[in-house]
Amino acid sequence: MPKSILAQTITPCPWIVETAGGVLDQQGGTFAGDRSEMAITSRDVARLAGVSQPTVSRALRGDPRVAAETRARVESAVAALGYVPSEAGRNLVTRTAKRIGIVVSDLTNPFYPHLIGPLHDALEDHGYRMMVFTEPSDSQVSVGQLVDGSVDGVVLLTSDVGSALPAELSRRRVPFVFLNRESGPGVGDAAVVDNDLGGRLAAKHFTGLGHRRIAGIFGPQTTSTGRDREMGFRLALADAGIGLSPELTHRGSFEFDTGHRAMRELLALPSPPTAVFCGNDVVAIGALNAASAAGVRVPDVLSLIGFDDIPMASWEVFQLTTIGHDLNLMARSAAELLVERIKGSSTEPPRRIMSRPHVVERSTTAPPSPRQPS
């Protein structure tokens with residue numbers, strides 16, 4: 001008998017939900033196939049333990065009103081029958097999904113998996129699972145997917161400046177937090193790195209080595225990371241009496257191709273730069289690849305600095321000097337901020353936790369060659 005037909009023949013009980021796979025009871029046991037193949041349900045557990053079905057539900061939720069002896073009988077029945085409660089069934093009772101939506105634009109970028117990993121661990125410590133939504137930009141994410149009750153909160157990893165999604169989440173009273181990027185000051189809780197300071201540190205590292213002809217391959221101005229890293233870099237160069245001319249300024253997405261393409265154009269200039277700051281490590285690796293293909297020795301002829309210190313940056317083949325920051329701390333901070341909002345333990349105005357960056361010096365920076373114009 002088809003499952004959809006079988007589902008309609010079962011007498012409903014409280015907290016029964018029809019699903020594509022059969023019928024889900026209050027604790028999530030699912031009837032599948034004919035009677036001989038019926039999955040174990042909380043009714044079976046209640047019958048064996050000699051208690052009511054609601055008592056089974058309360059015992060499995062850890063409700064303190066259930067006596068220890070009763071809880072022990074329920075747990076013994078669960079073990080004897082091999083009953084596995086479903087998260088969906090529990091959600092009907094608790095009115096929570098115990099899931100967090102993660103909005104990210106590009107999981108092929110090596111940076112994001114290294115940020116999502118510690119985020120997953122931090123959320124799991126609080127009892128939440130992740131549901132990842134990937135779109136080219138958060139403006140293309142269906143708000144309906146985030147406000148239909150399937151998630152308790154949202155982490156925004158790749159928001160653009162001025163994005164409408166955070167405001168819509170606020171309007172719908174869905175808790176959210178910015179991680180890595182933010183759409184604007186005071187829009188929502190945020191866990192970010194001090195991007196302005198990171199850009200300044202890169203500029204000061206170059207000028208401290210004696211470089212004067214310096215270029216930048218920056219991220220998009222529509223992102224807080226691209227905008228603020230460039231701003232800090234420019235301001236620190238200005239403090240050293242160095243301007244950043246249009247021919248030495250490139251922008252693009254935080255991708256390998258952006259760095260590769262921009263570096264080829266920079267090396268084709270009549271007077272190429274002796275140092276280049278890249279908006280992130282992936283861009284820097286693309287630039288490094290283009291320099292290698294052109295026969296330009298790094299750091300003898302050209303110095304390079306990235307941003308983020310992803311694990312690839314330390315690979316022997318790259319040994320990239322970069323601006324590092326604590327991704328684990330940033331991810332855990334975001335999880336803490338969001339969980340506090342979900343539980344209602346924080347009613348403060350939007351909070352911003354900012355991690356401090358630092359220079360990670362490896363093998364792609366050195367003083368300019370004496371034969372080069374600095």
# chains A, B, ... in the order shown; residues from 1 in each chain; ligands from 1

call {"tool": "residues_around", "arguments": {"residues": "region 146-159 of chain A", "least_positions_apart": "2", "cutoff": "8 Å", "atoms": "only C-alpha atoms", "output": "mmCIF file with C-alpha atoms, in the first residue's frame"}}
result
data_model
loop_
_atom_site.group_PDB
_atom_site.id
_atom_site.type_symbol
_atom_site.label_atom_id
_atom_site.label_comp_id
_atom_site.auth_asym_id
_atom_site.auth_seq_id
_atom_site.Cartn_x
_atom_site.Cartn_y
_atom_site.Cartn_z
ATOM 1 C CA THR A 96 11.427 25.721 18.603
ATOM 2 C CA ALA A 97 13.309 24.301 15.628
ATOM 3 C CA LYS A 98 16.728 24.067 17.338
ATOM 4 C CA ARG A 99 18.172 25.051 13.964
ATOM 5 C CA ILE A 100 20.027 28.169 12.872
ATOM 6 C CA GLY A 101 19.978 29.450 9.300
ATOM 7 C CA ILE A 102 23.397 30.331 7.874
ATOM 8 C CA VAL A 103 23.294 32.734 4.908
ATOM 9 C CA VAL A 104 26.509 32.647 2.858
ATOM 10 C CA SER A 105 27.171 33.563 -0.756
ATOM 11 C CA MET A 131 20.821 24.960 7.913
ATOM 12 C CA SER A 137 23.900 37.640 -2.483
ATOM 13 C CA ASP A 138 21.674 37.801 0.582
ATOM 14 C CA SER A 142 13.912 34.001 0.066
ATOM 15 C CA VAL A 143 12.832 35.665 3.306
ATOM 16 C CA GLY A 144 10.059 33.107 3.535
ATOM 17 C CA VAL A 161 26.266 47.266 2.768
ATOM 18 C CA SER A 163 21.166 44.979 2.375
ATOM 19 C CA LEU A 169 14.359 39.885 9.662
ATOM 20 C CA ARG A 172 9.541 39.719 11.314
ATOM 21 C CA VAL A 174 13.636 36.779 13.688
ATOM 22 C CA PRO A 175 16.858 37.015 15.758
ATOM 23 C CA PHE A 176 20.006 37.401 13.652
ATOM 24 C CA VAL A 177 23.683 38.225 13.941
ATOM 25 C CA PHE A 178 26.295 39.462 11.489
ATOM 26 C CA LEU A 179 29.468 37.404 11.242
ATOM 27 C CA ASN A 180 32.530 38.672 9.331
ATOM 28 C CA ARG A 181 30.533 41.335 7.449
ATOM 29 C CA GLU A 182 27.823 43.784 8.482
ATOM 30 C CA SER A 183 25.367 45.848 6.487
ATOM 31 C CA THR A 223 30.952 45.031 1.496
ATOM 32 C CA ALA A 334 28.534 35.362 16.944
ATOM 33 C CA LEU A 338 22.586 35.026 18.645
ATOM 34 C CA ILE A 342 16.890 33.753 20.827
#

call {"tool": "residues_around", "arguments": {"residues": "region 285-288 of chain A", "least_positions_apart": "2", "cutoff": "7 Å", "atoms": "only C-alpha atoms", "output": "VMD selection string"}}
result
chain A and resid 256 to 257 259 to 260 263 281 to 283 290 to 292

call {"tool": "residues_around", "arguments": {"residues": "region 242-253 of chain A", "least_positions_apart": "5", "cutoff": "7 Å", "atoms": "only C-alpha atoms", "output": "VMD selection string"}}
result
chain A and resid 212 215 to 220 234 237 258 262 266

call {"tool": "write_last_selection", "arguments": {"atoms": "C-alpha atoms", "output": "mmCIF file, in the first residue's frame"}}
result
data_model
loop_
_atom_site.group_PDB
_atom_site.id
_atom_site.type_symbol
_atom_site.label_atom_id
_atom_site.label_comp_id
_atom_site.auth_asym_id
_atom_site.auth_seq_id
_atom_site.Cartn_x
_atom_site.Cartn_y
_atom_site.Cartn_z
ATOM 1 C CA ARG A 212 56.856 53.610 -1.682
ATOM 2 C CA ALA A 215 49.238 48.978 -4.915
ATOM 3 C CA GLY A 216 46.008 47.508 -3.596
ATOM 4 C CA ILE A 217 43.712 44.772 -4.892
ATOM 5 C CA PHE A 218 40.647 45.348 -2.738
ATOM 6 C CA GLY A 219 37.282 43.696 -2.238
ATOM 7 C CA PRO A 220 33.975 45.260 -3.315
ATOM 8 C CA ARG A 234 44.704 54.352 2.317
ATOM 9 C CA LEU A 237 49.644 55.319 3.463
ATOM 10 C CA THR A 258 40.335 38.910 -9.008
ATOM 11 C CA ALA A 262 44.629 42.529 -11.298
ATOM 12 C CA LEU A 266 49.799 45.807 -12.401
#

call {"tool": "closest_residue", "arguments": {"among": "A:Pro350, A:Gly279, A:Pro368, A:Pro299", "to": "Ala191 (chain A)", "atoms": "only C-alpha atoms"}}
result
A:Pro350

call {"tool": "closest_residue", "arguments": {"among": "A:Ala275, A:Ala293, A:Ile323, A:Ala313", "to": "Val359 (chain A)", "atoms": "only C-alpha atoms"}}
result
A:Ile323

call {"tool": "select_by_dssp", "arguments": {"residues": "region 197-248 of chain A", "states": "helix (DSSP H, G or I)", "output": "ChimeraX atom specification"}}
result
/A:197-209,224-239,246-248

call {"tool": "atom_distance", "arguments": {"atom1": "CA of Arg332 (chain A)", "atom2": "CA of Leu123 (chain A)"}}
result
8.0 Å

call {"tool": "atom_distance", "arguments": {"atom1": "CA of Gly306 (chain A)", "atom2": "CA of Phe277 (chain A)"}}
result
6.2 Å

call {"tool": "select_by_dssp", "arguments": {"residues": "region 48-252 of chain A", "states": "strand (DSSP E or B)", "output": "VMD selection string"}}
result
chain A and resid 99 to 104 129 to 134 153 to 156 176 to 179 189 to 193 214 to 218 249 to 251

call {"tool": "write_last_selection", "arguments": {"atoms": "N, CA, C and O atoms", "output": "compact mmCIF listing (two decimals), in the first residue's frame"}}
result
# COMPACT_ATOMS: atom_id res chain seq x y z
N ARG A 99 17.34 24.89 15.15
CA ARG A 99 18.17 25.05 13.96
C ARG A 99 18.45 26.53 13.74
O ARG A 99 17.61 27.38 14.02
N ILE A 100 19.63 26.80 13.20
CA ILE A 100 20.03 28.17 12.87
C ILE A 100 20.29 28.25 11.37
O ILE A 100 21.00 27.41 10.81
N GLY A 101 19.73 29.24 10.72
CA GLY A 101 19.98 29.45 9.30
C GLY A 101 21.29 30.20 9.09
O GLY A 101 21.54 31.21 9.75
N ILE A 102 22.12 29.70 8.20
CA ILE A 102 23.40 30.33 7.87
C ILE A 102 23.31 30.83 6.44
O ILE A 102 23.16 30.04 5.50
N VAL A 103 23.38 32.15 6.25
CA VAL A 103 23.29 32.73 4.91
C VAL A 103 24.70 33.09 4.45
O VAL A 103 25.37 33.92 5.06
N VAL A 104 25.15 32.44 3.37
CA VAL A 104 26.51 32.65 2.86
C VAL A 104 26.45 32.61 1.34
O VAL A 104 25.70 31.83 0.75
N ARG A 129 21.48 22.99 15.50
CA ARG A 129 22.03 22.53 14.24
C ARG A 129 22.02 23.68 13.24
O ARG A 129 21.34 24.68 13.44
N MET A 130 22.75 23.49 12.13
CA MET A 130 22.82 24.54 11.11
C MET A 130 22.06 24.13 9.86
O MET A 130 22.04 22.98 9.48
N MET A 131 21.43 25.12 9.23
CA MET A 131 20.82 24.96 7.91
C MET A 131 21.42 26.05 7.02
O MET A 131 21.25 27.24 7.30
N VAL A 132 22.16 25.66 6.00
CA VAL A 132 22.91 26.62 5.19
C VAL A 132 22.10 27.03 3.96
O VAL A 132 21.57 26.19 3.24
N PHE A 133 22.04 28.35 3.74
CA PHE A 133 21.38 28.92 2.57
C PHE A 133 22.45 29.61 1.73
O PHE A 133 23.11 30.53 2.21
N THR A 134 22.64 29.18 0.51
CA THR A 134 23.66 29.78 -0.36
C THR A 134 23.00 30.44 -1.57
O THR A 134 22.26 29.80 -2.30
N GLY A 153 16.90 31.32 14.42
CA GLY A 153 17.70 32.53 14.25
C GLY A 153 18.54 32.40 13.00
O GLY A 153 18.60 31.34 12.37
N VAL A 154 19.23 33.49 12.64
CA VAL A 154 19.96 33.53 11.38
C VAL A 154 21.34 34.16 11.61
O VAL A 154 21.47 35.16 12.32
N VAL A 155 22.36 33.55 10.98
CA VAL A 155 23.70 34.13 10.95
C VAL A 155 23.95 34.62 9.53
O VAL A 155 23.85 33.85 8.57
N LEU A 156 24.26 35.90 9.38
CA LEU A 156 24.51 36.51 8.08
C LEU A 156 26.01 36.65 7.89
O LEU A 156 26.65 37.48 8.55
N PHE A 176 18.91 37.62 14.59
CA PHE A 176 20.01 37.40 13.65
C PHE A 176 21.27 38.05 14.18
O PHE A 176 21.24 38.89 15.08
N VAL A 177 22.39 37.65 13.59
CA VAL A 177 23.68 38.23 13.94
C VAL A 177 24.54 38.30 12.69
O VAL A 177 24.45 37.43 11.82
N PHE A 178 25.32 39.36 12.57
CA PHE A 178 26.29 39.46 11.49
C PHE A 178 27.58 38.76 11.92
O PHE A 178 28.03 38.92 13.06
N LEU A 179 28.17 38.03 11.00
CA LEU A 179 29.47 37.40 11.24
C LEU A 179 30.38 37.71 10.06
O LEU A 179 30.02 37.44 8.91
N ASP A 189 23.33 42.82 16.02
CA ASP A 189 24.52 42.31 16.67
C ASP A 189 25.53 41.87 15.62
O ASP A 189 25.16 41.36 14.56
N ALA A 190 26.82 42.03 15.93
CA ALA A 190 27.85 41.70 14.95
C ALA A 190 29.11 41.19 15.64
O ALA A 190 29.50 41.70 16.70
N ALA A 191 29.73 40.19 15.04
CA ALA A 191 31.04 39.70 15.46
C ALA A 191 31.95 39.83 14.24
O ALA A 191 31.80 39.09 13.26
N VAL A 192 32.86 40.78 14.29
CA VAL A 192 33.69 41.11 13.12
C VAL A 192 35.12 41.36 13.56
O VAL A 192 35.42 41.47 14.75
N VAL A 193 36.02 41.44 12.58
CA VAL A 193 37.39 41.84 12.84
C VAL A 193 37.49 43.35 12.60
O VAL A 193 36.68 43.92 11.85
N ILE A 214 53.27 51.41 -4.00
CA ILE A 214 52.44 50.37 -3.38
C ILE A 214 51.06 50.35 -4.04
O ILE A 214 50.49 51.40 -4.34
N ALA A 215 50.55 49.15 -4.27
CA ALA A 215 49.24 48.98 -4.92
C ALA A 215 48.29 48.22 -3.99
O ALA A 215 48.70 47.60 -3.01
N GLY A 216 47.02 48.25 -4.34
CA GLY A 216 46.01 47.51 -3.60
C GLY A 216 45.05 46.79 -4.52
O GLY A 216 44.60 47.36 -5.52
N ILE A 217 44.76 45.54 -4.20
CA ILE A 217 43.71 44.77 -4.89
C ILE A 217 42.64 44.52 -3.84
O ILE A 217 42.76 43.60 -3.02
N PHE A 218 41.61 45.33 -3.83
CA PHE A 218 40.65 45.35 -2.74
C PHE A 218 39.38 44.57 -3.08
O PHE A 218 39.09 44.28 -4.24
N THR A 249 45.15 50.93 -8.11
CA THR A 249 43.98 50.52 -7.33
C THR A 249 43.09 49.60 -8.16
O THR A 249 42.66 49.96 -9.26
N HIS A 250 42.84 48.42 -7.64
CA HIS A 250 41.94 47.46 -8.29
C HIS A 250 40.94 46.95 -7.27
O HIS A 250 41.25 46.83 -6.08
N ARG A 251 39.74 46.65 -7.73
CA ARG A 251 38.71 46.09 -6.87
C ARG A 251 38.01 44.95 -7.58
O ARG A 251 37.93 44.92 -8.81

call {"tool": "closest_residue", "arguments": {"among": "A:Gly199, A:Pro270, A:Gly208, A:Pro166", "to": "Phe307 (chain A)", "atoms": "only C-alpha atoms"}}
result
A:Gly199

call {"tool": "closest_residue", "arguments": {"among": "A:Asn289, A:Gly188, A:Pro54, A:Val298", "to": "Arg173 (chain A)", "atoms": "only C-alpha atoms"}}
result
A:Gly188

call {"tool": "closest_residue", "arguments": {"among": "A:Leu115, A:Ala366, A:Val301, A:Leu329", "to": "Met354 (chain A)", "atoms": "only C-alpha atoms"}}
result
A:Leu329

call {"tool": "atom_distance", "arguments": {"atom1": "CA of Asp125 (chain A)", "atom2": "CA of Leu107 (chain A)"}}
result
23.0 Å

call {"tool": "closest_residue", "arguments": {"among": "A:Ser42, A:Ser303, A:Thr321, A:Arg213", "to": "Ser271 (chain A)", "atoms": "only C-alpha atoms"}}
result
A:Arg213
